[in-house]
$ cat structure.cif   # mmCIF, C-alpha atoms
data_start
loop_
_atom_site.label_atom_id
_atom_site.label_comp_id
_atom_site.auth_asym_id
_atom_site.auth_seq_id
_atom_site.Cartn_x
_atom_site.Cartn_y
_atom_site.Cartn_z
CA MET X 762 -17.42 25.89 -63.70
CA LEU X 763 -18.11 27.81 -66.90
CA HIS X 764 -20.97 27.14 -69.30
CA PRO X 765 -20.06 28.98 -72.55
CA ASN X 766 -22.95 27.38 -74.45
CA GLU X 767 -25.37 29.30 -72.17
CA TRP X 768 -23.64 32.70 -72.20
CA VAL X 769 -25.62 34.26 -75.03
CA SER X 770 -29.02 33.28 -73.62
CA LYS X 771 -28.15 34.00 -69.98
CA TYR X 772 -25.94 37.09 -70.24
CA GLY X 773 -26.13 38.43 -73.80
CA ASP X 774 -28.85 41.03 -73.25
CA TYR X 775 -27.39 42.13 -69.93
CA LEU X 776 -23.89 42.60 -71.35
CA PHE X 777 -25.31 44.36 -74.41
CA SER X 778 -27.23 46.83 -72.22
CA ILE X 779 -24.03 47.67 -70.32
CA ALA X 780 -22.04 48.12 -73.53
CA LEU X 781 -24.76 50.24 -75.14
CA MET X 782 -25.08 52.47 -72.09
CA LYS X 783 -21.31 53.00 -71.98
CA THR X 784 -20.72 53.54 -75.71
CA ASN X 785 -24.04 54.91 -76.97
CA ASN X 786 -23.34 52.95 -80.15
CA ARG X 787 -25.38 49.85 -81.01
CA THR X 788 -22.85 48.36 -83.44
CA ALA X 789 -19.94 48.93 -81.06
CA ALA X 790 -21.95 47.39 -78.20
CA GLU X 791 -22.69 44.27 -80.25
CA ASP X 792 -19.02 43.96 -81.24
CA LEU X 793 -17.87 44.43 -77.65
CA VAL X 794 -20.17 41.68 -76.39
CA GLN X 795 -18.94 39.31 -79.10
CA ASP X 796 -15.33 40.18 -78.25
CA THR X 797 -16.12 39.55 -74.60
CA PHE X 798 -17.42 36.06 -75.32
CA LEU X 799 -14.43 35.26 -77.54
CA SER X 800 -11.94 36.50 -74.95
CA ALA X 801 -13.75 34.59 -72.22
CA ILE X 802 -13.57 31.36 -74.22
CA LYS X 803 -9.84 31.90 -74.78
CA ALA X 804 -9.31 32.67 -71.08
CA ALA X 805 -11.58 29.91 -69.75
CA ALA X 806 -8.66 27.94 -68.34
CA ALA X 807 -7.69 30.96 -66.22
CA PHE X 808 -11.15 31.20 -64.60
CA LYS X 809 -10.66 30.29 -60.94
CA GLY X 810 -14.25 30.52 -59.79
CA GLU X 811 -13.50 33.33 -57.33
CA SER X 812 -16.43 35.26 -58.77
CA SER X 813 -19.59 34.25 -60.57
CA GLU X 814 -19.53 33.57 -64.26
CA LYS X 815 -21.62 36.70 -64.84
CA THR X 816 -19.30 38.92 -62.78
CA TRP X 817 -16.30 37.53 -64.64
CA LEU X 818 -17.90 38.27 -68.02
CA VAL X 819 -18.86 41.80 -66.94
CA ARG X 820 -15.25 42.47 -65.88
CA ILE X 821 -13.99 41.28 -69.27
CA LEU X 822 -16.56 43.52 -70.98
CA GLN X 823 -15.53 46.52 -68.89
CA ASN X 824 -11.92 46.01 -69.93
CA LYS X 825 -13.03 45.74 -73.56
CA ILE X 826 -14.92 49.04 -73.22
CA ILE X 827 -11.86 50.77 -71.77
CA ASP X 828 -9.81 49.43 -74.70
CA TYR X 829 -12.52 50.63 -77.11
CA TYR X 830 -12.21 54.20 -75.80
CA ARG X 831 -8.41 54.05 -75.83
CA LYS X 832 -8.32 52.84 -79.44
CA LYS X 833 -10.82 55.44 -80.62
CA ASP X 834 -8.91 58.17 -78.74
CA ILE X 835 -12.23 59.65 -77.69
CA LEU X 836 -10.67 61.14 -74.59
CA LYS X 837 -7.53 62.26 -76.43
CA ASN X 838 -6.98 66.01 -76.19
CA THR X 839 -9.46 66.29 -73.33
CA SER X 840 -7.67 69.39 -72.05
CA GLU X 841 -8.16 71.10 -75.41
CA TYR X 842 -11.83 70.07 -75.49
CA ILE X 843 -12.39 71.46 -71.99
CA THR X 844 -10.68 74.74 -72.90
CA GLN X 845 -12.53 75.09 -76.21
CA THR X 846 -15.94 74.45 -74.69
CA GLU X 847 -15.43 76.21 -71.37
CA ASN X 848 -17.10 79.54 -72.04
CA GLY X 849 -19.90 78.14 -74.19
CA PHE X 850 -20.65 75.46 -71.62
CA ASP X 851 -20.68 77.73 -68.59
CA GLU X 852 -22.77 80.38 -70.35
CA ASN X 853 -25.67 77.90 -70.43
CA PHE X 854 -25.75 77.63 -66.65
CA PHE X 855 -24.06 80.66 -65.06
CA GLU X 856 -24.39 84.42 -65.40
CA SER X 857 -20.62 84.88 -65.13
CA THR X 858 -17.80 82.60 -66.22
CA ASP X 859 -15.66 83.91 -63.38
CA TYR X 860 -16.21 81.20 -60.76
CA SER X 861 -15.56 83.62 -57.89
CA GLU X 862 -18.61 85.61 -59.03
CA ALA X 863 -20.63 82.87 -60.70
CA HIS X 864 -24.36 82.74 -60.04
CA TRP X 865 -26.91 80.40 -61.57
CA LYS X 866 -28.99 81.74 -64.43
CA THR X 867 -32.61 81.93 -63.36
CA ASP X 868 -33.83 79.30 -65.80
CA ALA X 869 -30.84 76.97 -65.15
CA ALA X 870 -30.74 77.03 -61.35
CA PRO X 871 -31.44 73.71 -59.65
CA GLU X 872 -34.96 73.33 -58.33
CA PRO X 873 -36.04 70.95 -55.60
CA TRP X 874 -37.49 67.78 -57.04
CA LYS X 875 -41.03 67.40 -55.81
CA SER X 876 -41.05 63.62 -55.92
CA ASP X 877 -38.54 61.37 -54.24
CA ALA X 878 -35.71 60.93 -56.74
CA ASP X 879 -34.84 57.46 -55.47
CA SER X 880 -38.36 56.14 -55.96
CA GLY X 881 -38.12 56.72 -59.70
CA ILE X 882 -34.90 54.80 -60.15
CA HIS X 883 -36.74 51.50 -59.99
CA GLN X 884 -39.37 52.52 -62.48
CA GLU X 885 -39.01 51.47 -66.08
CA GLU X 886 -40.14 54.87 -67.30
CA PHE X 887 -37.47 56.68 -65.30
CA ASN X 888 -34.82 54.28 -66.57
CA LYS X 889 -35.79 55.16 -70.14
CA VAL X 890 -35.38 58.87 -69.38
CA LEU X 891 -32.06 58.19 -67.67
CA GLU X 892 -30.90 56.26 -70.75
CA LEU X 893 -32.03 59.14 -72.98
CA CYS X 894 -30.06 61.61 -70.86
CA LEU X 895 -26.97 59.40 -70.99
CA GLN X 896 -27.27 59.26 -74.78
CA LYS X 897 -27.26 63.06 -74.89
CA LEU X 898 -23.98 63.37 -72.98
CA PRO X 899 -21.05 64.38 -75.20
CA SER X 900 -18.76 61.46 -76.02
CA LYS X 901 -15.88 63.04 -74.09
CA LEU X 902 -18.00 63.07 -70.91
CA LEU X 903 -19.91 59.79 -71.18
CA PRO X 904 -17.28 57.14 -70.29
CA VAL X 905 -15.98 59.03 -67.27
CA PHE X 906 -19.48 59.78 -65.94
CA VAL X 907 -20.66 56.19 -66.38
CA SER X 908 -17.51 54.79 -64.77
CA LYS X 909 -17.96 57.06 -61.76
CA TYR X 910 -21.70 56.93 -61.18
CA MET X 911 -22.87 53.71 -62.77
CA ASP X 912 -19.85 51.51 -62.06
CA ASP X 913 -18.79 53.27 -58.84
CA GLU X 914 -15.15 53.26 -59.94
CA ASP X 915 -12.50 55.11 -57.98
CA SER X 916 -11.40 58.44 -59.53
CA ASP X 917 -7.72 57.40 -59.63
CA LYS X 918 -8.62 54.24 -61.55
CA ILE X 919 -10.79 56.20 -63.99
CA CYS X 920 -7.97 58.67 -64.65
CA LYS X 921 -5.56 55.81 -65.24
CA ASP X 922 -7.98 53.81 -67.42
CA TYR X 923 -8.78 56.74 -69.69
CA GLY X 924 -5.43 58.54 -69.52
CA ILE X 925 -6.78 61.83 -68.19
CA SER X 926 -5.47 64.16 -65.50
CA ALA X 927 -7.20 64.58 -62.16
CA SER X 928 -8.14 68.17 -62.99
CA ASN X 929 -9.69 67.10 -66.31
CA TYR X 930 -11.53 64.34 -64.48
CA TRP X 931 -13.16 66.81 -62.10
CA VAL X 932 -14.15 69.18 -64.92
CA ILE X 933 -15.68 66.28 -66.86
CA ILE X 934 -17.62 65.08 -63.80
CA HIS X 935 -18.83 68.61 -63.03
CA ARG X 936 -20.05 69.19 -66.57
CA ALA X 937 -21.64 65.77 -66.90
CA LYS X 938 -23.51 66.23 -63.62
CA LEU X 939 -24.82 69.62 -64.74
CA LEU X 940 -26.00 68.20 -68.07
CA MET X 941 -27.57 65.14 -66.46
CA ARG X 942 -29.36 67.25 -63.86
CA SER X 943 -30.68 69.58 -66.53
CA CYS X 944 -31.83 66.71 -68.73
CA LEU X 945 -33.53 64.88 -65.86
CA GLU X 946 -35.29 68.04 -64.73
CA LYS X 947 -36.58 68.73 -68.23
CA ASN X 948 -37.59 65.16 -69.00
CA TRP X 949 -38.61 63.70 -65.65
CA PHE X 950 -38.84 66.12 -62.76
CA ALA X 951 -40.88 69.25 -63.15
CA SER X 952 -41.65 72.03 -60.72
CA GLU X 953 -45.01 70.37 -60.08
CA GLY X 954 -43.65 66.84 -59.78
CA ARG X 955 -42.99 64.26 -62.45
CA LYS X 956 -44.03 65.24 -65.95
CA THR X 957 -46.67 63.07 -67.56
#
$ encode --input "structure.cif" --output "structure tokens"
Amino acid sequence: MLHPNEWVSKYGDYLFSIALMKTNNRTAAEDLVQDTFLSAIKAAAAFKGESSEKTWLVRILQNKIIDYYRKKDILKNTSEYITQTENGFDENFFESTDYSEAHWKTDAAPEPWKSDADSGIHQEEFNKVLELCLQKLPSKLLPVFVSKYMDDEDSDKICKDYGISASNYWVIIHRAKLLMRSCLEKNWFASEGRKT
């Protein structure tokens, strides 16, 4: 049974945090949550109770977010974006842009994290740094990265949802992982352990 009169107090902040993380836009996140509640009210008769109310609302929100990216065409011309940024992007991390000869630049090479990476995930401070790093991801990388690593979506579904090719998907994931690693190392993990 649904309780729409309790949705804002019970799920509003949670849905907003998901929308904000996925869009990096406060106004868009607020609008998406409102649209989610409106759509849920309209679709209330179709709710079968096969999932929890919260899970059902999250699924509606996720569909709204996919629609948001489709309407804004953020991932339109992804192939052109990848081509245009290829050399500039790789030059930040690798000595050569020829992948058969590519070696990490000394200051960009991954370093072992001195503290246990998983232990920080549950800490509020780490979550703030993670959110900061997500906000720094380019808009063409953010939705794909979040869908893969935060929502644990299948790559085929992500490609279909965002209308991108499999090869573009893998380039986006590769670049996003490099940027996230770099950001986390600079803002959380240091060569002597966590920065203070």
$ resolve_selection --input "structure.cif" --expression "the PyMOL selection byres ((chain X and resi 811-822) around 9)" --output "JSON, numbers by chain"
{"X": [762, 763, 764, 768, 771, 772, 776, 779, 780, 793, 794, 796, 797, 798, 800, 801, 808, 809, 810, 823, 824, 825, 826, 827]}
$ write_last_selection --input "structure.cif" --atoms "C-alpha atoms" --output "mmCIF file, in the frame of the given file"
data_model
loop_
_atom_site.group_PDB
_atom_site.id
_atom_site.type_symbol
_atom_site.label_atom_id
_atom_site.label_comp_id
_atom_site.auth_asym_id
_atom_site.auth_seq_id
_atom_site.Cartn_x
_atom_site.Cartn_y
_atom_site.Cartn_z
ATOM 1 C CA MET X 762 -17.420 25.890 -63.700
ATOM 2 C CA LEU X 763 -18.110 27.810 -66.900
ATOM 3 C CA HIS X 764 -20.970 27.140 -69.300
ATOM 4 C CA TRP X 768 -23.640 32.700 -72.200
ATOM 5 C CA LYS X 771 -28.150 34.000 -69.980
ATOM 6 C CA TYR X 772 -25.940 37.090 -70.240
ATOM 7 C CA LEU X 776 -23.890 42.600 -71.350
ATOM 8 C CA ILE X 779 -24.030 47.670 -70.320
ATOM 9 C CA ALA X 780 -22.040 48.120 -73.530
ATOM 10 C CA LEU X 793 -17.870 44.430 -77.650
ATOM 11 C CA VAL X 794 -20.170 41.680 -76.390
ATOM 12 C CA ASP X 796 -15.330 40.180 -78.250
ATOM 13 C CA THR X 797 -16.120 39.550 -74.600
ATOM 14 C CA PHE X 798 -17.420 36.060 -75.320
ATOM 15 C CA SER X 800 -11.940 36.500 -74.950
ATOM 16 C CA ALA X 801 -13.750 34.590 -72.220
ATOM 17 C CA PHE X 808 -11.150 31.200 -64.600
ATOM 18 C CA LYS X 809 -10.660 30.290 -60.940
ATOM 19 C CA GLY X 810 -14.250 30.520 -59.790
ATOM 20 C CA GLN X 823 -15.530 46.520 -68.890
ATOM 21 C CA ASN X 824 -11.920 46.010 -69.930
ATOM 22 C CA LYS X 825 -13.030 45.740 -73.560
ATOM 23 C CA ILE X 826 -14.920 49.040 -73.220
ATOM 24 C CA ILE X 827 -11.860 50.770 -71.770
#
$ closest_residue --input "structure.cif" --among "X:Lys783, X:Lys866, X:Lys803, X:Lys901" --to "X:Lys837" --atoms "all atoms listed in the file"
X:Lys901
$ closest_residue --input "structure.cif" --among "X:Ala807, X:Phe850, X:Ile933, X:Gln845" --to "X:Phe906" --atoms "all atoms listed in the file"
X:Ile933
$ closest_residue --input "structure.cif" --among "X:Ala869, X:Val905, X:Leu898, X:Cys920" --to "X:Met941" --atoms "all atoms listed in the file"
X:Leu898
$ closest_residue --input "structure.cif" --among "X:Thr839, X:Thr788, X:Thr846, X:Ser778" --to "X:Tyr930" --atoms "all atoms listed in the file"
X:Thr839
$ residues_around --input "structure.cif" --residues "X:Lys909" --least-positions-apart "2" --cutoff "12 Å" --atoms "only C-alpha atoms" --output "list in words"
Lys783, Leu902, Leu903, Pro904, Val905, Phe906, Val907, Met911, Asp912, Asp913, Glu914, Asp915, Ser916, Asp917, Lys918, Ile919, Cys920, Asp922, Tyr930, Trp931, Ile933, Ile934, His935, Ala937 and Lys938 of chain X
$ closest_residue --input "structure.cif" --among "X:Phe777, X:Trp949, X:Tyr910, X:Tyr842" --to "X:Cys894" --atoms "all atoms listed in the file"
X:Trp949
$ atom_distance --input "structure.cif" --atom1 "atom CA of X:Asp792" --atom2 "atom CA of X:Asn766"
18.3 Å
$ closest_residue --input "structure.cif" --among "X:Met782, X:Ala789, X:Ala806, X:Leu799" --to "X:Asp828" --atoms "only C-alpha atoms"
X:Ala789
$ atom_distance --input "structure.cif" --atom1 "atom CA of X:Leu891" --atom2 "atom CA of X:Arg787"
17.1 Å
$ atom_distance --input "structure.cif" --atom1 "atom CA of X:Glu847" --atom2 "atom CA of X:Lys947"
22.7 Å
